[in-house]
Amino acid sequence: MTQRYALLFRLIHWAMALIVLTMLAFGQKFAGEMPVAERQFSLMGHSSLGVLLVGLLSLRLIMRLTGMAKRPEHSIAPWQKLASRTVQTGLYALMVLLPITGFLTARVHELPVTPFGLFSISTSDPATFEAIRDWHMLGTKLLMVLLVLHIGAALMHRFVLRDGVMGSMSLFRPKS
Ligand code: HEM
C-alpha cells in the first residue's frame with residue numbers, strides 16, 4: 001500500500017502552494033490605486049509566477065495521469081473521501097482556469113505585461129478589460145474558499161484524526 005506521494009510530487013505540491021499563496025496575497029494590491037511603475041512591476045512578477053505555476057501544474061498532471069504519482073490509500077470515511085475528491089477536483093479546475101483568465105486579462109491590459117521581463121503580452125483593450133478581469137477575480141475568490149476547506153481538512157487530519165493523511169504529502173514527517 002502506498003503511504004506517501006512520490007517526493008517530486010510532494011515538492012511540486014508545496015512549491016505550487018507557496019506560489020499560489022504569494023499570488024493571492026500580493027494580488028490584493030491590484031484592486032487599489034498604485035503608481036503606474038509599481039503596477040507594471042507587480043504585473044511582471046505576477047505573470048512570471050503564473051508561467052512558473054503552469055509549468056509545475058503540467059508536470060503535476062503528467063505525474064498524476066501517467067501513474068507516476070499514485071494516490072496513497074487511507075481508510076477514511078466515505079463522506080471524507082467524497083469531500084476531499086470534490087475539493088481537490090475544484091482546486092485542479094481553478095489551477096487551469098485562473099492562468100487562462102489571468103492570461104486573457106493580461107492580454108487586454110492597458111499596461112505592458114511582461115513575464116520575466118521578456119516581452120509584453122498585452123494589446124490594450126480597455127473596453128473588455130473590466131469584464132475579463134471580473135472573471136479572473138471571481139476565480140480567485142472561489143480559490144480562497146476551496147483553500148480554506150483544503151487547509152482546514154489537512155489540519156483536522158494532522159491534529160484531530162492523526163490518521164496519516166497529512167503525512168502522505170508532508171516533506172519532513174514520515175507519518176501523521
Ligand atoms: C493561480 C494563479 C493566479 C492567481 C491565484 C492569481 C491571483 C490574482 C489576484 C488575487 C488578482 C487581483 C484580483 C482583485 O483585484 O481582486 C489578480 C489580478 C490579475 N492577474 Fe492574476 N492570478 C493568477 C494567474 C495569473 C496569470 C497566469 C496571469 C497572466 C499571465 C495573471 C494576470 C493578472 C492580471 C493582468 C490581473 C489584473 C491586474 C490589474 O488589475 O492591474 N494572473 N490575479
# chains A, B, ... in the order shown; residues from 1 in each chain; ligands from 1

$ residues_near_ligand --ligand "ligand 1" --cutoff "6 Å" --atoms "only C-alpha atoms and all ligand atoms" --output "list in words"
Val20, Met23, Leu24, Gly27, Gln28, Phe30, Ala31, Ser47, Gly50, Val51, Met95, Leu98, Pro99, Gly102, Phe103, Thr105, Ala106, Met137 and Thr140 of chain A

$ residues_around --residues "Met68 of chain A" --least-positions-apart "3" --cutoff "12 Å" --atoms "only C-alpha atoms" --output "list in words"
Thr2, Tyr5, Ala6, Leu7, Leu8, Phe9, Leu59, Arg60, Leu61, Ile62, Met63, Arg64, Leu65 and Arg71 of chain A

$ residues_around --residues "Gly45 of chain A" --least-positions-apart "6" --cutoff "12 Å" --atoms "only C-alpha atoms" --output "number ranges by chain"
A: 19, 22-23, 26-27, 38-39, 51-52, 113-118

$ closest_atom_pairs --of "segment 114-154 of chain A" --to "segment 164-174 of chain A" --cutoff "12 Å" --atoms "only C-alpha atoms" --output "JSON lines"
{"residue": "A:His150", "atom": "CA", "partner": "A:Met166", "partner_atom": "CA", "distance": 11.1}
{"residue": "A:Ile151", "atom": "CA", "partner": "A:Met166", "partner_atom": "CA", "distance": 10.1}
{"residue": "A:Gly152", "atom": "CA", "partner": "A:Met166", "partner_atom": "CA", "distance": 11.2}
{"residue": "A:Ala153", "atom": "CA", "partner": "A:Met166", "partner_atom": "CA", "distance": 9.1}
{"residue": "A:Ala154", "atom": "CA", "partner": "A:Met166", "partner_atom": "CA", "distance": 5.8}

$ write_last_selection --atoms "all heavy atoms" --output "compact mmCIF listing (two decimals), in the first residue's frame"
# COMPACT_ATOMS: atom_id res chain seq x y z
N HIS A 150 -9.59 23.07 2.11
CA HIS A 150 -8.47 22.15 1.90
C HIS A 150 -7.50 22.18 3.09
O HIS A 150 -7.13 21.15 3.65
CB HIS A 150 -7.76 22.56 0.61
CG HIS A 150 -6.64 21.67 0.19
ND1 HIS A 150 -6.82 20.37 -0.21
CD2 HIS A 150 -5.31 21.90 0.07
CE1 HIS A 150 -5.66 19.84 -0.54
NE2 HIS A 150 -4.72 20.74 -0.37
N ILE A 151 -7.12 23.40 3.50
CA ILE A 151 -6.16 23.55 4.60
C ILE A 151 -6.83 23.12 5.92
O ILE A 151 -6.21 22.46 6.76
CB ILE A 151 -5.63 25.00 4.67
CG1 ILE A 151 -4.82 25.31 3.41
CG2 ILE A 151 -4.77 25.22 5.91
CD1 ILE A 151 -4.48 26.77 3.20
N GLY A 152 -8.10 23.47 6.08
CA GLY A 152 -8.84 23.06 7.28
C GLY A 152 -8.88 21.55 7.41
O GLY A 152 -8.63 21.00 8.50
N ALA A 153 -9.15 20.87 6.31
CA ALA A 153 -9.21 19.40 6.33
C ALA A 153 -7.84 18.81 6.66
O ALA A 153 -7.72 17.87 7.44
CB ALA A 153 -9.71 18.88 4.98
N ALA A 154 -6.79 19.40 6.04
CA ALA A 154 -5.42 18.90 6.29
C ALA A 154 -5.08 19.02 7.78
O ALA A 154 -4.53 18.09 8.38
CB ALA A 154 -4.43 19.68 5.45

$ residues_around --residues "Pro126 of chain A" --least-positions-apart "6" --cutoff "7 Å" --atoms "only C-alpha atoms" --output "ChimeraX atom specification"
/A:108-110

$ write_last_selection --atoms "C-alpha atoms" --output "mmCIF file, in the first residue's frame"
data_model
loop_
_atom_site.group_PDB
_atom_site.id
_atom_site.type_symbol
_atom_site.label_atom_id
_atom_site.label_comp_id
_atom_site.auth_asym_id
_atom_site.auth_seq_id
_atom_site.Cartn_x
_atom_site.Cartn_y
_atom_site.Cartn_z
ATOM 1 C CA VAL A 108 -6.233 43.288 -22.761
ATOM 2 C CA HIS A 109 -4.409 45.232 -20.003
ATOM 3 C CA GLU A 110 -3.613 48.830 -20.903
#

$ atom_distance --atom1 "atom CA of His136 of chain A" --atom2 "atom CA of Leu43 of chain A"
14.1 Å

$ closest_residue --among "A:Met16, A:Leu82, A:Val36, A:Ala69" --to "Leu53 of chain A" --atoms "only C-alpha atoms"
A:Met16

$ closest_residue --among "A:Gln40, A:Glu33, A:Leu21, A:Tyr92" --to "Leu111 of chain A" --atoms "only C-alpha atoms"
A:Gln40

$ atom_distance --atom1 "atom CA of Asp134 of chain A" --atom2 "atom CA of Leu57 of chain A"
23.4 Å

$ select_by_dssp --residues "segment 1-174 of chain A" --states "helix (DSSP H, G or I)" --output "VMD selection string"
chain A and resid 7 to 31 36 to 65 78 to 108 115 to 117 126 to 161 166 to 168

$ atom_distance --atom1 "atom CA of Ala127 of chain A" --atom2 "atom CA of Arg107 of chain A"
12.3 Å

$ closest_residue --among "A:Ala17, A:Gln80, A:Ser124, A:Leu97" --to "Met156 of chain A" --atoms "only C-alpha atoms"
A:Gln80

$ decode --residues "segment 137-171 of chain A" --atoms "N, CA and C atoms" --output "short mmCIF file (atom, residue, chain, number, x, y, z; two decimals), in the first residue's frame"
data_model
loop_
_atom_site.label_atom_id
_atom_site.label_comp_id
_atom_site.auth_asym_id
_atom_site.auth_seq_id
_atom_site.Cartn_x
_atom_site.Cartn_y
_atom_site.Cartn_z
N MET A 137 -11.06 37.62 -11.14
CA MET A 137 -11.25 37.92 -9.73
C MET A 137 -12.19 36.91 -9.07
N LEU A 138 -13.27 36.56 -9.78
CA LEU A 138 -14.22 35.56 -9.25
C LEU A 138 -13.50 34.24 -8.98
N GLY A 139 -12.61 33.87 -9.93
CA GLY A 139 -11.84 32.63 -9.76
C GLY A 139 -10.99 32.68 -8.50
N THR A 140 -10.38 33.85 -8.23
CA THR A 140 -9.52 33.95 -7.04
C THR A 140 -10.35 33.83 -5.76
N LYS A 141 -11.60 34.35 -5.80
CA LYS A 141 -12.46 34.25 -4.59
C LYS A 141 -12.84 32.78 -4.35
N LEU A 142 -13.20 32.09 -5.44
CA LEU A 142 -13.53 30.66 -5.31
C LEU A 142 -12.34 29.87 -4.78
N LEU A 143 -11.16 30.23 -5.31
CA LEU A 143 -9.93 29.55 -4.88
C LEU A 143 -9.72 29.72 -3.37
N MET A 144 -9.98 30.93 -2.88
CA MET A 144 -9.78 31.17 -1.45
C MET A 144 -10.72 30.28 -0.61
N VAL A 145 -11.97 30.15 -1.07
CA VAL A 145 -12.93 29.31 -0.33
C VAL A 145 -12.43 27.86 -0.30
N LEU A 146 -12.02 27.35 -1.48
CA LEU A 146 -11.57 25.95 -1.55
C LEU A 146 -10.29 25.74 -0.73
N LEU A 147 -9.41 26.76 -0.73
CA LEU A 147 -8.16 26.62 0.04
C LEU A 147 -8.44 26.56 1.54
N VAL A 148 -9.43 27.34 1.99
CA VAL A 148 -9.78 27.30 3.42
C VAL A 148 -10.26 25.88 3.77
N LEU A 149 -11.11 25.29 2.91
CA LEU A 149 -11.60 23.92 3.16
C LEU A 149 -10.46 22.92 3.12
N HIS A 150 -9.59 23.07 2.11
CA HIS A 150 -8.47 22.15 1.90
C HIS A 150 -7.50 22.18 3.09
N ILE A 151 -7.12 23.40 3.50
CA ILE A 151 -6.16 23.55 4.60
C ILE A 151 -6.83 23.12 5.92
N GLY A 152 -8.10 23.47 6.08
CA GLY A 152 -8.84 23.06 7.28
C GLY A 152 -8.88 21.55 7.41
N ALA A 153 -9.15 20.87 6.31
CA ALA A 153 -9.21 19.40 6.33
C ALA A 153 -7.84 18.81 6.66
N ALA A 154 -6.79 19.40 6.04
CA ALA A 154 -5.42 18.90 6.29
C ALA A 154 -5.08 19.02 7.78
N LEU A 155 -5.43 20.16 8.37
CA LEU A 155 -5.13 20.37 9.80
C LEU A 155 -5.94 19.41 10.68
N MET A 156 -7.19 19.15 10.24
CA MET A 156 -8.03 18.21 11.02
C MET A 156 -7.39 16.80 11.00
N HIS A 157 -6.91 16.38 9.81
CA HIS A 157 -6.27 15.07 9.72
C HIS A 157 -5.00 15.01 10.58
N ARG A 158 -4.26 16.15 10.57
CA ARG A 158 -2.98 16.16 11.29
C ARG A 158 -3.16 16.19 12.81
N PHE A 159 -4.07 17.06 13.29
CA PHE A 159 -4.11 17.30 14.74
C PHE A 159 -5.29 16.65 15.46
N VAL A 160 -6.38 16.34 14.74
CA VAL A 160 -7.54 15.74 15.40
C VAL A 160 -7.59 14.24 15.12
N LEU A 161 -7.63 13.88 13.84
CA LEU A 161 -7.78 12.46 13.48
C LEU A 161 -6.45 11.70 13.55
N ARG A 162 -5.34 12.38 13.29
CA ARG A 162 -3.99 11.78 13.30
C ARG A 162 -3.98 10.44 12.55
N ASP A 163 -4.49 10.49 11.30
CA ASP A 163 -4.66 9.25 10.55
C ASP A 163 -3.65 9.06 9.41
N GLY A 164 -2.61 9.91 9.36
CA GLY A 164 -1.56 9.72 8.35
C GLY A 164 -1.83 10.41 7.02
N VAL A 165 -3.00 11.01 6.87
CA VAL A 165 -3.34 11.66 5.59
C VAL A 165 -2.40 12.84 5.33
N MET A 166 -2.19 13.67 6.33
CA MET A 166 -1.30 14.83 6.18
C MET A 166 0.14 14.38 5.89
N GLY A 167 0.54 13.30 6.54
CA GLY A 167 1.91 12.79 6.37
C GLY A 167 2.19 12.36 4.93
N SER A 168 1.13 11.97 4.19
CA SER A 168 1.35 11.49 2.82
C SER A 168 1.79 12.61 1.89
N MET A 169 1.56 13.88 2.29
CA MET A 169 2.00 15.00 1.46
C MET A 169 3.11 15.79 2.13
N SER A 170 3.46 15.39 3.37
CA SER A 170 4.46 16.15 4.12
C SER A 170 5.87 15.90 3.59
N LEU A 171 6.71 16.93 3.68
CA LEU A 171 8.10 16.78 3.22
C LEU A 171 8.98 16.21 4.32
#
